[in-house]
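See below for the structure under consideration.
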2 protein chains.
Amino acid sequence: MTKLRRTPERIYLPRGFSFSAVVAGIKASGRPDLALIASSASASAAALFTRNLVVAAPLEVDRASLASSAGHVRAVVVNSGNANCATGRAGRQSCQRVCRHAAQLLGVPAEEVFPSSTGIIGVPFPAEKIVAKLPDLMAARASTKPAALAFAQAIMTTDTRPKIAAQRFRVGAKEVTIFGVAKGAGMIHPQLATMLVYLLTDAAATPRQLQQLLHDACDPTLNSMSIDGDTSTNDTVLLLANGQSGVRVSEARVRHRFSQALGAVCQSLAEQIVSDGEGVQHVIRLFVEQTSTREEALQVAKTIAHSALVKTAWAGADPNWGRILAAVGRCGLPIDPSRVRIFIGNQMVCRDGVAHPFNERRAHESLAQPECDIRVQLRRGKSSVRFLTTDLTAEYVHINADYST
Amino acid sequence: MTKLRRTPERIYLPRGFSFSAVVAGIKASGRPDLALIASSASASAAALFTRNLVVAAPLEVDRASLASSAGHVRAVVVNSGNANCATGRAGRQSCQRVCRHAAQLLGVPAEEVFPSSTGIIGVPFPAEKIVAKLPDLMAARASTKPAALAFAQAIMTTDTRPKIAAQRFRVGAKEVTIFGVAKGAGMIHPQLATMLVYLLTDAAATPRQLQQLLHDACDPTLNSMSIDGDTSTNDTVLLLANGQSGVRVSEARVRHRFSQALGAVCQSLAEQIVSDGEGVQHVIRLFVEQTSTREEALQVAKTIAHSALVKTAWAGADPNWGRILAAVGRCGLPIDPSRVRIFIGNQMVCRDGVAHPFNERRAHESLAQPECDIRVQLRRGKSSVRFLTTDLTAEYVHINADYST
């Protein structure tokens, strides 16, 4: 199947971060599956985690470590091929062991090592394999684009391509860079699903400032998308700021530009994640408009984006707006169907809850594009949301029905 | 693809009901698409409708007619091929027109004709075609099994086989019969989704008695199943009692047996609907147990039954219990993952939130059967639910991505 193609992003690396990746033998494929980000100085950190109550061991360790270090991180150690989830106390101990070893090799406190895992749930965590490869991992690190790309590739699971994005802006004679790297693929739904995202900047900020900036940047981007409606146990978005640019985000003129640049990086990563979703042939930019609140718009968007009937119609480029209307009708809000308008591409297809004459061939062609806009207007208020989602294809089923992914 | 096979049900017809079906030219296939049930005496009626706020015209007419007739029905007129939904005022008027014509031909009040439609949403309703065929439809009616089967076939859409069930019991020298006929296929989810079910009995009952009996019978059966999580705009369950057996359900000794027989008919129809779901290869009997309330159990069951990742794993007969546990974790309840136990077939696969050693080959074989039991225990109380659901196959996607279903 042809995957959607995206223009490669222009890459800039922030100062003071290095990257590496090695083969630890966790993935059956024999591909790199252990990766490192290290910062030359202790970085301020902010993180968002899955809202799933079944939470992987590394997330429990991350939360405890961020609390003891008062939001500071020196290194990120990620493995793919095993989620270290539903592994109980042994899983937590294995994770802590990896962190202790990595910290020793780097000469930093163990609580400043931030672990992540992605892969199969419920399989004992291969800490031995990882610990054995940590010296190689440390030795290989470099502050180069190839090293950053190697990191991006090593954290992939069913992703078909690495996901990276960057923004850079000047503040007087100084330069601030934000670099982002992510993995996604399936199990993507608001509240972050099998999604690992690392956002690195050489700006200077407190953990508290970063947390607000991260929240604001993720809300309309990484938290406004859905592939299959499942929320994973391992989702993590981490933002690190090591201050090596000498620019503080607390300065008013910097904060706004930083916020915009961070938003752009998150938006690009969100689009890359969705367009590389498992089996995805069509990305849908869903605009839910004229709702009373943004939460209402999100609720409608999620119901549409989660409907198997709607998503399979999109797979066939079928402008079957009745299925969209039916999804709106069961979203749980007291909507008035006779006020709903639906647009596919630039054509109105449903006006006030009934069919509006449209060129069916053109609507089909809009949906047959790699990306298509669909607009749903409820006419109950002035709020709206832009939500990224996808079709549901037979290929998705094949990927996820393969015994055992 | 091989569809699941079910032993044909033993059929009994209640006294005083006749059936017919004709070709009205609504379905492109040219198959019968207009069908009738008539009762020789005015029957007490109870109905359940979709909770979708986008509601098809016939449901609006049904609600109004049942109110004016004080819950009495003489005839049911069903068409397939057009849902008469999102058709606005014109759709309601067309529906009323069909009812008036049918009532005239039968010599009954228009409000005692109960209309149903199933098929595509948002396409103008072909009232002309239907009205033209009503005389043939009336003339063809017969109180025979072939006529009942013809009715069952004419209401099918993507169903691959008709769905009928019956129960009969003696009360002294008299005999009470309950006959049920249904269509299902896709868009099946609690709160009744593209599901039309007609339950006919020759017992005598008031509309109020019937409503309680219908609610009790549907709750654990037709309202405890899900194929794809979508709730249609046309779902209807209608129970008619014409009293021709001379047995009243108000008698204590009758009520219990009637209730059991009605439950058995609904259970059989639920199983037939799920096993004939679009693209279904495996039916899963999901038991969610040890919850605080039945509502909690239902919430967990629906989250599992709605997870694309879980359902595709089932399609591959993959005993990937981690995906089930992850679905439990995001169901919205404050569950404790470390108390969760999961069984596939008769094997425990997850104990207290972590892997429990099991024979993977045997678990795979259990899931490869046409039907498999999966048990999830939360250990927070004594409530439970039995929920019927299915896998999600590439075939489902093919059926629903075909331009335009």
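Letters A, B, ... go to the chains of the structure tokens in the order shown; residues in each chain start at 1; ligands are counted from 1 in the same order.
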
Give me, as JSON lines, the closest atom pair and its distance (Å, one decimal) for every residue of chain B within a cut-off of 7 Å of chain A, counting only C-alpha atoms, rows sorted by chain and rising number.
{"residue": "B:Asn52", "atom": "CA", "partner": "A:Arg330", "partner_atom": "CA", "distance": 4.6}
{"residue": "B:Leu53", "atom": "CA", "partner": "A:Gly329", "partner_atom": "CA", "distance": 4.5}
{"residue": "B:Val54", "atom": "CA", "partner": "A:Gly329", "partner_atom": "CA", "distance": 4.7}
{"residue": "B:Ala86", "atom": "CA", "partner": "A:Val354", "partner_atom": "CA", "distance": 4.6}
{"residue": "B:Thr87", "atom": "CA", "partner": "A:Val354", "partner_atom": "CA", "distance": 5.3}
{"residue": "B:Gly88", "atom": "CA", "partner": "A:Val354", "partner_atom": "CA", "distance": 5.9}
{"residue": "B:Ile121", "atom": "CA", "partner": "A:Gly322", "partner_atom": "CA", "distance": 5.0}
{"residue": "B:Gly122", "atom": "CA", "partner": "A:Ala355", "partner_atom": "CA", "distance": 5.5}
{"residue": "B:Asp228", "atom": "CA", "partner": "A:Ala308", "partner_atom": "CA", "distance": 6.2}
{"residue": "B:Asp230", "atom": "CA", "partner": "A:Ser307", "partner_atom": "CA", "distance": 6.3}
{"residue": "B:Thr231", "atom": "CA", "partner": "A:Arg330", "partner_atom": "CA", "distance": 6.8}
{"residue": "B:Ser232", "atom": "CA", "partner": "A:Ala326", "partner_atom": "CA", "distance": 6.6}
{"residue": "B:Thr233", "atom": "CA", "partner": "A:Ala326", "partner_atom": "CA", "distance": 6.3}
{"residue": "B:Ser307", "atom": "CA", "partner": "A:Asp230", "partner_atom": "CA", "distance": 6.3}
{"residue": "B:Ala308", "atom": "CA", "partner": "A:Asp228", "partner_atom": "CA", "distance": 6.2}
{"residue": "B:Leu309", "atom": "CA", "partner": "A:Asn400", "partner_atom": "CA", "distance": 6.5}
{"residue": "B:Thr312", "atom": "CA", "partner": "A:Ala401", "partner_atom": "CA", "distance": 4.8}
{"residue": "B:Ala313", "atom": "CA", "partner": "A:Ala401", "partner_atom": "CA", "distance": 4.6}
{"residue": "B:Ala315", "atom": "CA", "partner": "A:Ala401", "partner_atom": "CA", "distance": 5.6}
{"residue": "B:Gly316", "atom": "CA", "partner": "A:Ala401", "partner_atom": "CA", "distance": 4.3}
{"residue": "B:Asp318", "atom": "CA", "partner": "A:Tyr403", "partner_atom": "CA", "distance": 5.1}
{"residue": "B:Asn320", "atom": "CA", "partner": "A:Ser404", "partner_atom": "CA", "distance": 6.8}
{"residue": "B:Gly322", "atom": "CA", "partner": "A:Ile121", "partner_atom": "CA", "distance": 5.0}
{"residue": "B:Ala326", "atom": "CA", "partner": "A:Val54", "partner_atom": "CA", "distance": 5.9}
{"residue": "B:Gly329", "atom": "CA", "partner": "A:Leu53", "partner_atom": "CA", "distance": 4.5}
{"residue": "B:Arg330", "atom": "CA", "partner": "A:Asn52", "partner_atom": "CA", "distance": 4.6}
{"residue": "B:Pro337", "atom": "CA", "partner": "A:Val54", "partner_atom": "CA", "distance": 5.8}
{"residue": "B:Gly353", "atom": "CA", "partner": "A:Ala86", "partner_atom": "CA", "distance": 5.7}
{"residue": "B:Val354", "atom": "CA", "partner": "A:Ala86", "partner_atom": "CA", "distance": 4.6}
{"residue": "B:Ala355", "atom": "CA", "partner": "A:Gly122", "partner_atom": "CA", "distance": 5.5}
{"residue": "B:Thr393", "atom": "CA", "partner": "A:Val397", "partner_atom": "CA", "distance": 6.1}
{"residue": "B:Ala394", "atom": "CA", "partner": "A:Ala394", "partner_atom": "CA", "distance": 4.3}
{"residue": "B:Val397", "atom": "CA", "partner": "A:Ala394", "partner_atom": "CA", "distance": 5.6}
{"residue": "B:His398", "atom": "CA", "partner": "A:Ala394", "partner_atom": "CA", "distance": 6.9}
{"residue": "B:Asn400", "atom": "CA", "partner": "A:Thr312", "partner_atom": "CA", "distance": 5.5}
{"residue": "B:Ala401", "atom": "CA", "partner": "A:Gly316", "partner_atom": "CA", "distance": 4.3}
{"residue": "B:Asp402", "atom": "CA", "partner": "A:Gly316", "partner_atom": "CA", "distance": 5.8}
{"residue": "B:Tyr403", "atom": "CA", "partner": "A:Asp318", "partner_atom": "CA", "distance": 5.1}
{"residue": "B:Ser404", "atom": "CA", "partner": "A:Asp318", "partner_atom": "CA", "distance": 5.9}

Would you save the residues of that selection, restricted to N, CA and C atoms, as a short mmCIF file (atom, residue, chain, number, x, y, z; two decimals), in the first residue's frame?
data_model
loop_
_atom_site.label_atom_id
_atom_site.label_comp_id
_atom_site.auth_asym_id
_atom_site.auth_seq_id
_atom_site.Cartn_x
_atom_site.Cartn_y
_atom_site.Cartn_z
N ASN B 52 -30.35 7.62 19.65
CA ASN B 52 -29.70 8.61 18.80
C ASN B 52 -30.63 9.82 18.66
N LEU B 53 -30.10 11.05 18.75
CA LEU B 53 -30.95 12.23 18.61
C LEU B 53 -31.30 12.50 17.16
N VAL B 54 -30.51 11.94 16.25
CA VAL B 54 -30.90 11.99 14.84
C VAL B 54 -31.80 10.78 14.63
N ALA B 86 -32.96 11.90 7.96
CA ALA B 86 -32.37 13.15 7.47
C ALA B 86 -33.07 13.56 6.19
N THR B 87 -34.37 13.35 6.19
CA THR B 87 -35.18 13.68 5.02
C THR B 87 -36.18 14.79 5.36
N GLY B 88 -36.09 15.28 6.61
CA GLY B 88 -36.86 16.46 6.99
C GLY B 88 -38.37 16.26 6.97
N ILE B 121 -29.14 6.63 4.64
CA ILE B 121 -29.62 7.86 5.27
C ILE B 121 -29.50 9.02 4.29
N GLY B 122 -30.48 9.93 4.31
CA GLY B 122 -30.32 11.21 3.61
C GLY B 122 -30.77 11.21 2.16
N ASP B 228 -20.17 -2.83 16.05
CA ASP B 228 -19.17 -1.81 15.71
C ASP B 228 -19.27 -0.53 16.53
N ASP B 230 -21.58 1.66 16.63
CA ASP B 230 -22.42 2.73 16.10
C ASP B 230 -23.88 2.48 16.45
N THR B 231 -24.59 3.54 16.77
CA THR B 231 -25.99 3.46 17.13
C THR B 231 -26.79 4.09 16.00
N SER B 232 -27.69 3.33 15.42
CA SER B 232 -28.35 3.83 14.22
C SER B 232 -29.49 4.77 14.57
N THR B 233 -30.02 5.37 13.55
CA THR B 233 -31.08 6.37 13.66
C THR B 233 -32.45 5.73 13.56
N SER B 307 -13.20 -1.38 21.33
CA SER B 307 -11.79 -1.11 21.06
C SER B 307 -11.35 -1.75 19.75
N ALA B 308 -10.91 -0.93 18.82
CA ALA B 308 -10.45 -1.45 17.52
C ALA B 308 -9.26 -2.38 17.72
N LEU B 309 -8.38 -2.05 18.65
CA LEU B 309 -7.21 -2.90 18.88
C LEU B 309 -7.59 -4.26 19.43
N THR B 312 -9.49 -6.27 16.58
CA THR B 312 -8.64 -6.79 15.51
C THR B 312 -7.78 -7.94 16.03
N ALA B 313 -7.40 -7.88 17.31
CA ALA B 313 -6.66 -9.02 17.90
C ALA B 313 -7.55 -10.27 17.85
N ALA B 315 -9.84 -10.86 15.69
CA ALA B 315 -9.91 -11.29 14.29
C ALA B 315 -8.76 -12.23 13.98
N GLY B 316 -7.61 -11.99 14.59
CA GLY B 316 -6.44 -12.85 14.37
C GLY B 316 -6.33 -13.97 15.40
N ASP B 318 -5.79 -13.79 18.40
CA ASP B 318 -4.58 -13.44 19.13
C ASP B 318 -4.92 -13.23 20.60
N ASN B 320 -3.98 -11.61 22.95
CA ASN B 320 -3.27 -10.42 23.42
C ASN B 320 -4.09 -9.76 24.52
N GLY B 322 -3.17 -7.96 26.93
CA GLY B 322 -2.72 -6.61 27.29
C GLY B 322 -3.63 -5.54 26.71
N ALA B 326 -5.67 -2.80 28.77
CA ALA B 326 -5.54 -1.36 28.44
C ALA B 326 -6.92 -0.73 28.21
N GLY B 329 -8.49 -0.10 31.47
CA GLY B 329 -7.84 1.04 32.12
C GLY B 329 -8.35 2.39 31.66
N ARG B 330 -8.95 2.44 30.47
CA ARG B 330 -9.42 3.74 29.98
C ARG B 330 -10.94 3.81 29.96
N PRO B 337 -6.03 -1.59 38.54
CA PRO B 337 -5.48 -2.57 37.59
C PRO B 337 -4.87 -3.77 38.30
N GLY B 353 -3.54 -8.10 37.37
CA GLY B 353 -2.94 -7.08 36.52
C GLY B 353 -1.65 -7.45 35.83
N VAL B 354 -1.13 -8.66 36.10
CA VAL B 354 0.10 -9.07 35.40
C VAL B 354 -0.10 -10.42 34.72
N ALA B 355 0.83 -10.76 33.82
CA ALA B 355 0.74 -12.01 33.07
C ALA B 355 0.62 -13.20 34.00
N THR B 393 -13.05 -7.33 11.33
CA THR B 393 -12.26 -7.97 10.28
C THR B 393 -12.09 -7.04 9.08
N ALA B 394 -11.15 -7.40 8.22
CA ALA B 394 -10.96 -6.66 6.98
C ALA B 394 -12.24 -6.71 6.15
N VAL B 397 -14.49 -3.88 6.93
CA VAL B 397 -14.04 -2.65 6.26
C VAL B 397 -14.47 -2.67 4.80
N HIS B 398 -14.28 -3.81 4.14
CA HIS B 398 -14.65 -3.89 2.72
C HIS B 398 -16.15 -3.62 2.54
N ASN B 400 -18.15 -1.91 4.40
CA ASN B 400 -18.56 -0.54 4.73
C ASN B 400 -17.82 0.55 3.96
N ALA B 401 -16.75 0.16 3.27
CA ALA B 401 -16.02 1.15 2.47
C ALA B 401 -16.52 1.15 1.04
N ASP B 402 -17.37 0.19 0.69
CA ASP B 402 -17.89 0.15 -0.66
C ASP B 402 -18.70 1.40 -0.92
N TYR B 403 -18.34 2.09 -1.93
CA TYR B 403 -18.99 3.34 -2.31
C TYR B 403 -20.36 3.05 -2.91
N SER B 404 -21.37 3.57 -2.55
CA SER B 404 -22.01 4.00 -1.36
C SER B 404 -22.96 2.93 -0.84
#

Next on the checklist: as a PyMOL selection string, please: every residue in segment 59-296 of chain A that a backbone DSSP assignment puts in strand (DSSP E or B).
Outcome noted: chain A and resi 72-82+113-120+142+163-171+174-183+196-201+204+225-226+236-241+248+283-291

Item to check | Residue among A:Leu269, A:Leu388, A:Ala35, A:Leu238 lying closest to Ala305 of chain A, counting only C-alpha atoms | outcome: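 Using only C-alpha atoms, Ala305 of chain A sits closest to A:Leu388.
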
Next on the checklist: Give me, as JSON, numbers by chain, all polymer residues having an atom no more than 8 Å from Gly180 of chain A, counting only C-alpha atoms and skipping those fewer than 3 positions away in the same chain.
Outcome noted: {"A": [164, 165, 166, 197, 198, 199, 200, 265, 266, 269]}

Next on the checklist: What's around Leu105 of chain B at 9 Å? Count only C-alpha atoms, leave out sequence neighbours fewer than 6 positions away in its own chain, and write the answer as a ChimeraX atom specification.
Outcome noted: /B:134-135,138

Any chance you could export the current selection's C-alpha atoms as an mmCIF file, in the first residue's frame?
data_model
loop_
_atom_site.group_PDB
_atom_site.id
_atom_site.type_symbol
_atom_site.label_atom_id
_atom_site.label_comp_id
_atom_site.auth_asym_id
_atom_site.auth_seq_id
_atom_site.Cartn_x
_atom_site.Cartn_y
_atom_site.Cartn_z
ATOM 1 C CA LEU B 134 -49.437 -1.632 -1.132
ATOM 2 C CA PRO B 135 -52.422 -3.397 -2.767
ATOM 3 C CA MET B 138 -52.077 -6.612 1.286
#

Checklist entry - Out of segment 221-266 of chain B, which residues get alpha helix (DSSP H) from DSSP, as a ChimeraX atom specification? => result /B:252-266

Checklist entry - What is the distance, in Å and to one decimal place, between atom CA of Leu239 of chain A and atom CA of Ala152 of chain A? => result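 That distance, rounded to one decimal, is 15.7 Å.
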
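Distances from B:Ile37, B:Ala28, B:Cys95, B:Val283 to Gly81 of chain B were compared using only C-alpha atoms, and the smallest one belongs to B:Ala28.
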
Checklist entry - Please, what distance in Å, to one decimal, runs between atom CA of Ser94 of chain B and atom CA of Pro162 of chain B? => result 27.5 Å

Item to check | Nearest residue to Ser116 of chain A from the set A:Thr194, A:Thr160, A:Ser292, A:Ser42 (distances using only C-alpha atoms) | outcome: A:Thr194

Next on the checklist: For Ala205 of chain A, find every residue with an atom within 7 Å (counting only C-alpha atoms), except residues of its own chain fewer than 6 positions away, and show them as number ranges by chain.
Outcome noted: A: 44, 241, 248-250

Next on the checklist: Considering only C-alpha atoms, can you say which of B:Thr206, B:Ser245, B:Thr158, B:Gln212 comes closest to Ile273 of chain B?
Outcome noted: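 Among the listed residues, the smallest separation from Ile273 of chain B belongs to B:Thr158.
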